[in-house]
Amino acid sequence: MNLEYLKSFYWIAKCNSISKASKKLHISQPALSNQLNRLEDELGSSLLKRSNKGVLLTATGEIVFDYSKSIFALEENMHNSIEELDKLKDLLSIAVCKSFGSSYFASKIHNFKDIHSKAQIKIDTYNSLDVINKVLNHDYNIGIILNQFPLDNLEQLEFFNDELLLFTNKDYPHDSIDIKQLIEIPIIIREKQSTMYKMLDNFARANDLDIDNFNILFSTNCVSITKSSIINGCGFTFFPKSSMYIELKNNLLKEININNANRKDFLSYKYSVIKRSKYELNYYEKRLKEFLLKV
């Protein structure tokens with residue numbers, strides 16, 4: 001069946017007028033009538049009846065019109081899907097762990113955008129385990145996590161060294177505390193599901209401390225809440241060094257050394273960029289990976 005003829009019939013029936021359909025399709029009325037006649041010859045049945053009120057569908061015309069609506073709806077959906085695919089070519093969606101994405105990465109991504117101005121960048125932050133799950137579930141193709149996880153179906157590449165340090169308000173009178181004082185100072189920590197919490201827990205255990213005995217003000221996965229609280233004199237927090245770069249530079253808070261502590265290496269870690277093992281990165285995802293390796 002000639003789809004052009006079917007489209008001509010569809011618009012004649014939809015507009016209830018050959019002249020209106022002619023204007024819609026930018027085809028002369030004689031040419032449109034000719035296409036309708038050819039379609040009727042092909043189907044072996046009359047499709048329309050002309051009347052003073054326009055055109056009326058015959059019984060066969062009703063059937064053909066119903067099917068043509070479905071056919072051209074599918075055609076429209078196909079074109080829409082192709083347009084959406086074209087838009088996705090410029091979309092760069094990144095799942096980033098909160099400790100990296102909420103501060104340091106946010107301060108650097110504009111450099112990437114300066115180079116790749118057409119990229120439509122979308123950054124969402126989660127804890128590292130959620131980033132992994134969302135990449136494995138195809139919600140994102142690329143992610144950034146804290147440390148590495150032993151998963152065969154995940155390709156992981158370390159690119160950035162960092163460490164958890166103890167921070168407090170800039171007016172705190174001391175530059176250091178003893179390790180045993182950790183259970184005394186009011187402290188804000190990450191939620192138990194986070195990798196940072198587990199690192200702090202391991203560090204506490206290595207120093208014969210129980211994190212459950214800490215004087216915990218509250219736990220939160222919100223970077224801005226933690227920073228605002230510390231800057232305004234609300235206790236202490238363990239936070240990535242990279243995430244506090246701007247606050248330290250502007251003398252909004254201070255780093256507190258921990259004396260007599262064992263296994264400070266438990267607080268050191270690396271960030272890794274991840275993707276599914278069998279997934280091939282698209283253009284902007286490859287450029288982002290290259291950018292991260294330079295960061």
# chains A, B, ... in the order shown; residues from 1 in each chain; ligands from 1

$ residues_around --residues "Ser224 (chain A)" --least-positions-apart "4" --cutoff "12 Å" --atoms "only C-alpha atoms" --output "list in words"
Lys98, Ser99, Gly101, Ser102, Ser103, Thr220, Ser228, Ser229, Ile230, Ile231, Phe239, Ser243, Met244 and Glu247 of chain A

$ write_last_selection --atoms "all heavy atoms" --output "JSON list (two decimals), in the first residue's frame"
[["chain", "number", "residue", "atom", "x", "y", "z"],
["A", 98, "LYS", "N", 28.19, 11.77, 47.26],
["A", 98, "LYS", "CA", 27.97, 13.09, 47.85],
["A", 98, "LYS", "C", 29.27, 13.79, 48.24],
["A", 98, "LYS", "O", 29.42, 14.99, 48.06],
["A", 98, "LYS", "CB", 27.06, 12.97, 49.07],
["A", 98, "LYS", "CG", 25.64, 12.58, 48.74],
["A", 98, "LYS", "CD", 24.81, 12.46, 50.00],
["A", 98, "LYS", "CE", 23.40, 12.00, 49.68],
["A", 98, "LYS", "NZ", 22.63, 13.01, 48.95],
["A", 99, "SER", "N", 30.22, 13.03, 48.80],
["A", 99, "SER", "CA", 31.44, 13.64, 49.31],
["A", 99, "SER", "C", 32.27, 14.29, 48.21],
["A", 99, "SER", "O", 33.02, 15.23, 48.45],
["A", 99, "SER", "CB", 32.29, 12.60, 50.05],
["A", 99, "SER", "OG", 32.59, 11.51, 49.22],
["A", 101, "GLY", "N", 30.78, 14.93, 44.80],
["A", 101, "GLY", "CA", 29.92, 15.68, 43.88],
["A", 101, "GLY", "C", 29.39, 16.97, 44.43],
["A", 101, "GLY", "O", 29.14, 17.92, 43.69],
["A", 102, "SER", "N", 29.20, 17.04, 45.75],
["A", 102, "SER", "CA", 28.56, 18.23, 46.32],
["A", 102, "SER", "C", 29.51, 19.40, 46.51],
["A", 102, "SER", "O", 29.07, 20.51, 46.77],
["A", 102, "SER", "CB", 27.95, 17.87, 47.69],
["A", 102, "SER", "OG", 26.96, 16.89, 47.54],
["A", 103, "SER", "N", 30.81, 19.16, 46.39],
["A", 103, "SER", "CA", 31.75, 20.25, 46.64],
["A", 103, "SER", "C", 32.82, 20.34, 45.57],
["A", 103, "SER", "O", 32.75, 21.17, 44.66],
["A", 103, "SER", "CB", 32.40, 20.08, 48.02],
["A", 103, "SER", "OG", 31.43, 20.09, 49.03],
["A", 220, "THR", "N", 23.71, 13.07, 59.00],
["A", 220, "THR", "CA", 23.05, 13.62, 57.81],
["A", 220, "THR", "C", 23.84, 13.24, 56.57],
["A", 220, "THR", "O", 25.05, 13.06, 56.61],
["A", 220, "THR", "CB", 22.93, 15.16, 57.90],
["A", 220, "THR", "OG1", 22.32, 15.65, 56.70],
["A", 220, "THR", "CG2", 24.29, 15.82, 58.06],
["A", 228, "SER", "N", 27.33, 24.12, 57.04],
["A", 228, "SER", "CA", 26.72, 25.27, 57.72],
["A", 228, "SER", "C", 26.77, 25.11, 59.23],
["A", 228, "SER", "O", 27.03, 26.07, 59.97],
["A", 228, "SER", "CB", 25.27, 25.45, 57.26],
["A", 228, "SER", "OG", 25.22, 25.77, 55.89],
["A", 229, "SER", "N", 26.53, 23.89, 59.68],
["A", 229, "SER", "CA", 26.52, 23.63, 61.12],
["A", 229, "SER", "C", 27.90, 23.86, 61.71],
["A", 229, "SER", "O", 28.05, 24.50, 62.76],
["A", 229, "SER", "CB", 26.06, 22.20, 61.39],
["A", 229, "SER", "OG", 24.74, 21.99, 60.94],
["A", 230, "ILE", "N", 28.93, 23.36, 61.06],
["A", 230, "ILE", "CA", 30.30, 23.50, 61.56],
["A", 230, "ILE", "C", 30.75, 24.96, 61.51],
["A", 230, "ILE", "O", 31.33, 25.48, 62.46],
["A", 230, "ILE", "CB", 31.26, 22.61, 60.77],
["A", 230, "ILE", "CG1", 30.86, 21.13, 60.91],
["A", 230, "ILE", "CG2", 32.70, 22.81, 61.22],
["A", 230, "ILE", "CD1", 30.80, 20.65, 62.33],
["A", 231, "ILE", "N", 30.48, 25.63, 60.42],
["A", 231, "ILE", "CA", 30.87, 27.03, 60.27],
["A", 231, "ILE", "C", 30.22, 27.90, 61.36],
["A", 231, "ILE", "O", 30.82, 28.85, 61.87],
["A", 231, "ILE", "CB", 30.51, 27.55, 58.87],
["A", 231, "ILE", "CG1", 31.43, 26.90, 57.82],
["A", 231, "ILE", "CG2", 30.62, 29.07, 58.79],
["A", 231, "ILE", "CD1", 31.03, 27.18, 56.39],
["A", 239, "PHE", "N", 35.32, 15.11, 57.46],
["A", 239, "PHE", "CA", 34.87, 15.44, 56.12],
["A", 239, "PHE", "C", 36.06, 15.34, 55.15],
["A", 239, "PHE", "O", 37.21, 15.51, 55.57],
["A", 239, "PHE", "CB", 34.31, 16.86, 56.09],
["A", 239, "PHE", "CG", 33.05, 17.00, 55.30],
["A", 239, "PHE", "CD1", 31.89, 16.39, 55.71],
["A", 239, "PHE", "CD2", 33.03, 17.73, 54.13],
["A", 239, "PHE", "CE1", 30.73, 16.51, 54.98],
["A", 239, "PHE", "CE2", 31.88, 17.87, 53.38],
["A", 239, "PHE", "CZ", 30.72, 17.25, 53.81],
["A", 243, "SER", "N", 36.65, 18.52, 49.93],
["A", 243, "SER", "CA", 35.35, 19.16, 50.04],
["A", 243, "SER", "C", 35.39, 20.44, 50.86],
["A", 243, "SER", "O", 34.48, 21.27, 50.79],
["A", 243, "SER", "CB", 34.34, 18.19, 50.66],
["A", 243, "SER", "OG", 34.16, 17.07, 49.83],
["A", 244, "MET", "N", 36.43, 20.60, 51.68],
["A", 244, "MET", "CA", 36.53, 21.78, 52.54],
["A", 244, "MET", "C", 37.55, 22.79, 52.02],
["A", 244, "MET", "O", 37.90, 23.74, 52.72],
["A", 244, "MET", "CB", 36.93, 21.36, 53.96],
["A", 244, "MET", "CG", 35.87, 20.55, 54.68],
["A", 244, "MET", "SD", 34.34, 21.51, 54.93],
["A", 244, "MET", "CE", 33.57, 20.55, 56.23],
["A", 247, "GLU", "N", 36.28, 26.49, 52.06],
["A", 247, "GLU", "CA", 36.05, 26.96, 53.41],
["A", 247, "GLU", "C", 37.37, 27.21, 54.15],
["A", 247, "GLU", "O", 37.50, 28.18, 54.89],
["A", 247, "GLU", "CB", 35.20, 25.95, 54.18],
["A", 247, "GLU", "CG", 33.75, 25.89, 53.76],
["A", 247, "GLU", "CD", 33.51, 25.16, 52.44],
["A", 247, "GLU", "OE1", 34.44, 24.48, 51.97],
["A", 247, "GLU", "OE2", 32.41, 25.26, 51.90]]

$ closest_atom_pairs --of "region 190-289 of chain A" --to "region 126-139 of chain A" --cutoff "10 Å" --atoms "only C-alpha atoms" --output "JSON lines"
{"residue": "A:Arg190", "atom": "CA", "partner": "A:Asn127", "partner_atom": "CA", "distance": 9.9}
{"residue": "A:Glu191", "atom": "CA", "partner": "A:Asn127", "partner_atom": "CA", "distance": 9.4}
{"residue": "A:Gln193", "atom": "CA", "partner": "A:Asn127", "partner_atom": "CA", "distance": 7.8}
{"residue": "A:Ser194", "atom": "CA", "partner": "A:Asn127", "partner_atom": "CA", "distance": 5.7}
{"residue": "A:Thr195", "atom": "CA", "partner": "A:Ser128", "partner_atom": "CA", "distance": 6.7}
{"residue": "A:Met196", "atom": "CA", "partner": "A:Asn127", "partner_atom": "CA", "distance": 9.1}
{"residue": "A:Asn221", "atom": "CA", "partner": "A:Asn127", "partner_atom": "CA", "distance": 8.1}
{"residue": "A:Cys222", "atom": "CA", "partner": "A:Tyr126", "partner_atom": "CA", "distance": 9.9}
{"residue": "A:Tyr271", "atom": "CA", "partner": "A:Ser128", "partner_atom": "CA", "distance": 9.9}
{"residue": "A:Ile274", "atom": "CA", "partner": "A:Ile132", "partner_atom": "CA", "distance": 7.9}
{"residue": "A:Lys275", "atom": "CA", "partner": "A:Val135", "partner_atom": "CA", "distance": 6.6}
{"residue": "A:Arg276", "atom": "CA", "partner": "A:Leu136", "partner_atom": "CA", "distance": 6.3}
{"residue": "A:Ser277", "atom": "CA", "partner": "A:Leu136", "partner_atom": "CA", "distance": 9.5}
{"residue": "A:Tyr279", "atom": "CA", "partner": "A:His138", "partner_atom": "CA", "distance": 9.8}

$ closest_residue --among "A:Phe65, A:Tyr104, A:Tyr5, A:Phe159" --to "Ile246 (chain A)" --atoms "only C-alpha atoms"
A:Tyr104

$ atom_distance --atom1 "CA of Asn260 (chain A)" --atom2 "CA of Ile179 (chain A)"
6.0 Å

$ closest_atom_pairs --of "region 137-199 of chain A" --to "region 212-215 of chain A" --cutoff "12 Å" --atoms "only C-alpha atoms" --output "CSV"
residue,atom,partner,partner_atom,distance
A:Ile179,CA,A:Phe214,CA,11.9
A:Lys180,CA,A:Phe214,CA,10.5
A:Gln181,CA,A:Phe214,CA,9.5
A:Leu182,CA,A:Phe214,CA,6.8
A:Ile183,CA,A:Phe214,CA,4.3
A:Glu184,CA,A:Asn215,CA,5.9
A:Ile185,CA,A:Asn215,CA,6.2
A:Pro186,CA,A:Asn215,CA,5.0
A:Ile187,CA,A:Asn215,CA,6.1
A:Ile188,CA,A:Asn215,CA,8.8
A:Ile189,CA,A:Phe214,CA,10.0
A:Lys192,CA,A:Asp212,CA,11.0
A:Tyr197,CA,A:Asp212,CA,11.5

$ closest_residue --among "A:Asn2, A:Ser68, A:Ser46, A:Asn257" --to "Ser176 (chain A)" --atoms "only C-alpha atoms"
A:Asn257

$ select_by_dssp --residues "region 71-204 of chain A" --states "strand (DSSP E or B)" --output "PyMOL selection string"
chain A and resi 91-97+120-126+142-146+154-169+176-178+186-189

$ residues_around --residues "Trp11 (chain A)" --least-positions-apart "2" --cutoff "10 Å" --atoms "only C-alpha atoms" --output "PyMOL selection string"
chain A and resi 6-9+13-18+20-22+24-25+65+68-69

$ write_last_selection --atoms "N, CA, C and O atoms" --output "PDB file, in the first residue's frame"
ATOM      1  N   LEU A   6      -2.438   6.816   1.458  1.00  0.00           N
ATOM      2  CA  LEU A   6      -3.146   6.598   2.709  1.00  0.00           C
ATOM      3  C   LEU A   6      -3.149   7.873   3.541  1.00  0.00           C
ATOM      4  O   LEU A   6      -4.163   8.220   4.164  1.00  0.00           O
ATOM      5  N   LYS A   7      -2.037   8.602   3.534  1.00  0.00           N
ATOM      6  CA  LYS A   7      -1.960   9.848   4.295  1.00  0.00           C
ATOM      7  C   LYS A   7      -2.927  10.888   3.705  1.00  0.00           C
ATOM      8  O   LYS A   7      -3.546  11.649   4.451  1.00  0.00           O
ATOM      9  N   SER A   8      -3.024  10.907   2.390  1.00  0.00           N
ATOM     10  CA  SER A   8      -3.958  11.844   1.747  1.00  0.00           C
ATOM     11  C   SER A   8      -5.390  11.552   2.188  1.00  0.00           C
ATOM     12  O   SER A   8      -6.150  12.465   2.544  1.00  0.00           O
ATOM     13  N   PHE A   9      -5.749  10.262   2.172  1.00  0.00           N
ATOM     14  CA  PHE A   9      -7.091   9.871   2.622  1.00  0.00           C
ATOM     15  C   PHE A   9      -7.300  10.241   4.090  1.00  0.00           C
ATOM     16  O   PHE A   9      -8.353  10.784   4.470  1.00  0.00           O
ATOM     17  N   ALA A  13     -10.238  12.756   5.477  1.00  0.00           N
ATOM     18  CA  ALA A  13     -11.239  12.323   6.452  1.00  0.00           C
ATOM     19  C   ALA A  13     -11.139  13.147   7.737  1.00  0.00           C
ATOM     20  O   ALA A  13     -12.162  13.533   8.316  1.00  0.00           O
ATOM     21  N   LYS A  14      -9.930  13.436   8.166  1.00  0.00           N
ATOM     22  CA  LYS A  14      -9.731  14.181   9.410  1.00  0.00           C
ATOM     23  C   LYS A  14     -10.221  15.621   9.280  1.00  0.00           C
ATOM     24  O   LYS A  14     -10.821  16.169  10.208  1.00  0.00           O
ATOM     25  N   CYS A  15      -9.951  16.227   8.118  1.00  0.00           N
ATOM     26  CA  CYS A  15     -10.370  17.625   7.888  1.00  0.00           C
ATOM     27  C   CYS A  15     -11.815  17.731   7.401  1.00  0.00           C
ATOM     28  O   CYS A  15     -12.371  18.830   7.323  1.00  0.00           O
ATOM     29  N   ASN A  16     -12.368  16.563   7.022  1.00  0.00           N
ATOM     30  CA  ASN A  16     -13.737  16.515   6.485  1.00  0.00           C
ATOM     31  C   ASN A  16     -13.886  17.386   5.252  1.00  0.00           C
ATOM     32  O   ASN A  16     -14.947  17.921   4.964  1.00  0.00           O
ATOM     33  N   SER A  17     -12.764  17.521   4.514  1.00  0.00           N
ATOM     34  CA  SER A  17     -12.790  18.400   3.346  1.00  0.00           C
ATOM     35  C   SER A  17     -11.561  18.149   2.489  1.00  0.00           C
ATOM     36  O   SER A  17     -10.435  18.088   3.016  1.00  0.00           O
ATOM     37  N   ILE A  18     -11.760  18.011   1.188  1.00  0.00           N
ATOM     38  CA  ILE A  18     -10.633  17.850   0.277  1.00  0.00           C
ATOM     39  C   ILE A  18      -9.849  19.151   0.169  1.00  0.00           C
ATOM     40  O   ILE A  18      -8.622  19.160   0.153  1.00  0.00           O
ATOM     41  N   LYS A  20      -9.528  21.587   2.457  1.00  0.00           N
ATOM     42  CA  LYS A  20      -8.741  21.825   3.669  1.00  0.00           C
ATOM     43  C   LYS A  20      -7.533  20.889   3.738  1.00  0.00           C
ATOM     44  O   LYS A  20      -6.438  21.284   4.149  1.00  0.00           O
ATOM     45  N   ALA A  21      -7.724  19.626   3.359  1.00  0.00           N
ATOM     46  CA  ALA A  21      -6.621  18.668   3.353  1.00  0.00           C
ATOM     47  C   ALA A  21      -5.574  19.076   2.333  1.00  0.00           C
ATOM     48  O   ALA A  21      -4.370  18.898   2.555  1.00  0.00           O
ATOM     49  N   SER A  22      -6.027  19.664   1.227  1.00  0.00           N
ATOM     50  CA  SER A  22      -5.108  20.126   0.197  1.00  0.00           C
ATOM     51  C   SER A  22      -4.176  21.200   0.749  1.00  0.00           C
ATOM     52  O   SER A  22      -2.970  21.191   0.498  1.00  0.00           O
ATOM     53  N   LYS A  24      -3.482  21.644   3.958  1.00  0.00           N
ATOM     54  CA  LYS A  24      -2.672  21.046   5.017  1.00  0.00           C
ATOM     55  C   LYS A  24      -1.457  20.319   4.440  1.00  0.00           C
ATOM     56  O   LYS A  24      -0.343  20.428   4.965  1.00  0.00           O
ATOM     57  N   LEU A  25      -1.671  19.600   3.336  1.00  0.00           N
ATOM     58  CA  LEU A  25      -0.608  18.787   2.751  1.00  0.00           C
ATOM     59  C   LEU A  25       0.164  19.515   1.656  1.00  0.00           C
ATOM     60  O   LEU A  25       1.133  18.969   1.128  1.00  0.00           O
ATOM     61  N   PHE A  65      -9.765   4.347   8.019  1.00  0.00           N
ATOM     62  CA  PHE A  65      -9.418   5.532   8.814  1.00  0.00           C
ATOM     63  C   PHE A  65      -8.901   5.140  10.202  1.00  0.00           C
ATOM     64  O   PHE A  65      -7.936   5.716  10.704  1.00  0.00           O
ATOM     65  N   SER A  68      -5.454   3.834   9.789  1.00  0.00           N
ATOM     66  CA  SER A  68      -4.520   4.891   9.398  1.00  0.00           C
ATOM     67  C   SER A  68      -4.157   5.764  10.595  1.00  0.00           C
ATOM     68  O   SER A  68      -3.028   6.243  10.706  1.00  0.00           O
ATOM     69  N   LYS A  69      -5.114   5.975  11.532  1.00  0.00           N
ATOM     70  CA  LYS A  69      -4.805   6.727  12.740  1.00  0.00           C
ATOM     71  C   LYS A  69      -3.699   6.037  13.528  1.00  0.00           C
ATOM     72  O   LYS A  69      -2.763   6.685  14.020  1.00  0.00           O
TER      73      LYS A  69
END

$ atom_distance --atom1 "CA of Ala95 (chain A)" --atom2 "CA of Phe167 (chain A)"
26.5 Å

$ atom_distance --atom1 "CA of Asn34 (chain A)" --atom2 "CA of Ile63 (chain A)"
20.8 Å

$ select_by_dssp --residues "region 115-256 of chain A" --states "helix (DSSP H, G or I)" --output "PyMOL selection string"
chain A and resi 115+128-136+179-183+195-206+211-213+223-231+242-249

$ residues_around --residues "Val64 (chain A)" --least-positions-apart "6" --cutoff "10 Å" --atoms "only C-alpha atoms" --output "list in words"
Leu6, Phe9, Tyr10, Leu43, Leu47, Leu57 and Thr58 of chain A

$ closest_residue --among "A:Asn202, A:Asn207, A:Gln148, A:Ser107" --to "Asn259 (chain A)" --atoms "only C-alpha atoms"
A:Asn207

$ residues_around --residues "Asn282 (chain A)" --least-positions-apart "5" --cutoff "12 Å" --atoms "only C-alpha atoms" --output "compact mmCIF listing (two decimals) with N, CA and C atoms, in the first residue's frame"
# COMPACT_ATOMS: atom_id res chain seq x y z
N LEU A 88 19.62 13.06 23.45
CA LEU A 88 20.41 12.28 24.40
C LEU A 88 21.88 12.24 24.04
N LYS A 89 22.20 12.47 22.75
CA LYS A 89 23.59 12.46 22.33
C LYS A 89 24.39 13.55 23.04
N ASP A 90 23.71 14.64 23.39
CA ASP A 90 24.38 15.75 24.07
C ASP A 90 24.17 15.73 25.58
N LEU A 91 23.38 14.75 26.06
CA LEU A 91 23.09 14.67 27.49
C LEU A 91 24.17 13.86 28.20
N LEU A 92 24.72 14.44 29.23
CA LEU A 92 25.72 13.76 30.05
C LEU A 92 25.19 13.67 31.47
N SER A 93 24.70 12.49 31.86
CA SER A 93 24.16 12.26 33.20
C SER A 93 25.20 11.54 34.04
N ALA A 119 27.47 20.08 25.59
CA ALA A 119 27.06 19.01 26.51
C ALA A 119 26.00 19.52 27.48
N ASN A 141 25.19 5.80 33.01
CA ASN A 141 26.25 5.03 32.36
C ASN A 141 27.60 5.24 33.02
N ILE A 142 27.72 6.32 33.76
CA ILE A 142 29.00 6.65 34.38
C ILE A 142 28.75 7.21 35.78
N LYS A 275 31.94 2.40 35.36
CA LYS A 275 30.97 2.14 34.31
C LYS A 275 30.73 0.64 34.27
N ARG A 287 35.02 11.92 27.16
CA ARG A 287 35.70 13.17 27.47
C ARG A 287 35.69 13.46 28.98
N LEU A 288 34.57 13.11 29.64
CA LEU A 288 34.50 13.31 31.09
C LEU A 288 35.51 12.44 31.81
N LYS A 289 35.65 11.20 31.37
CA LYS A 289 36.62 10.30 31.97
C LYS A 289 38.03 10.86 31.83
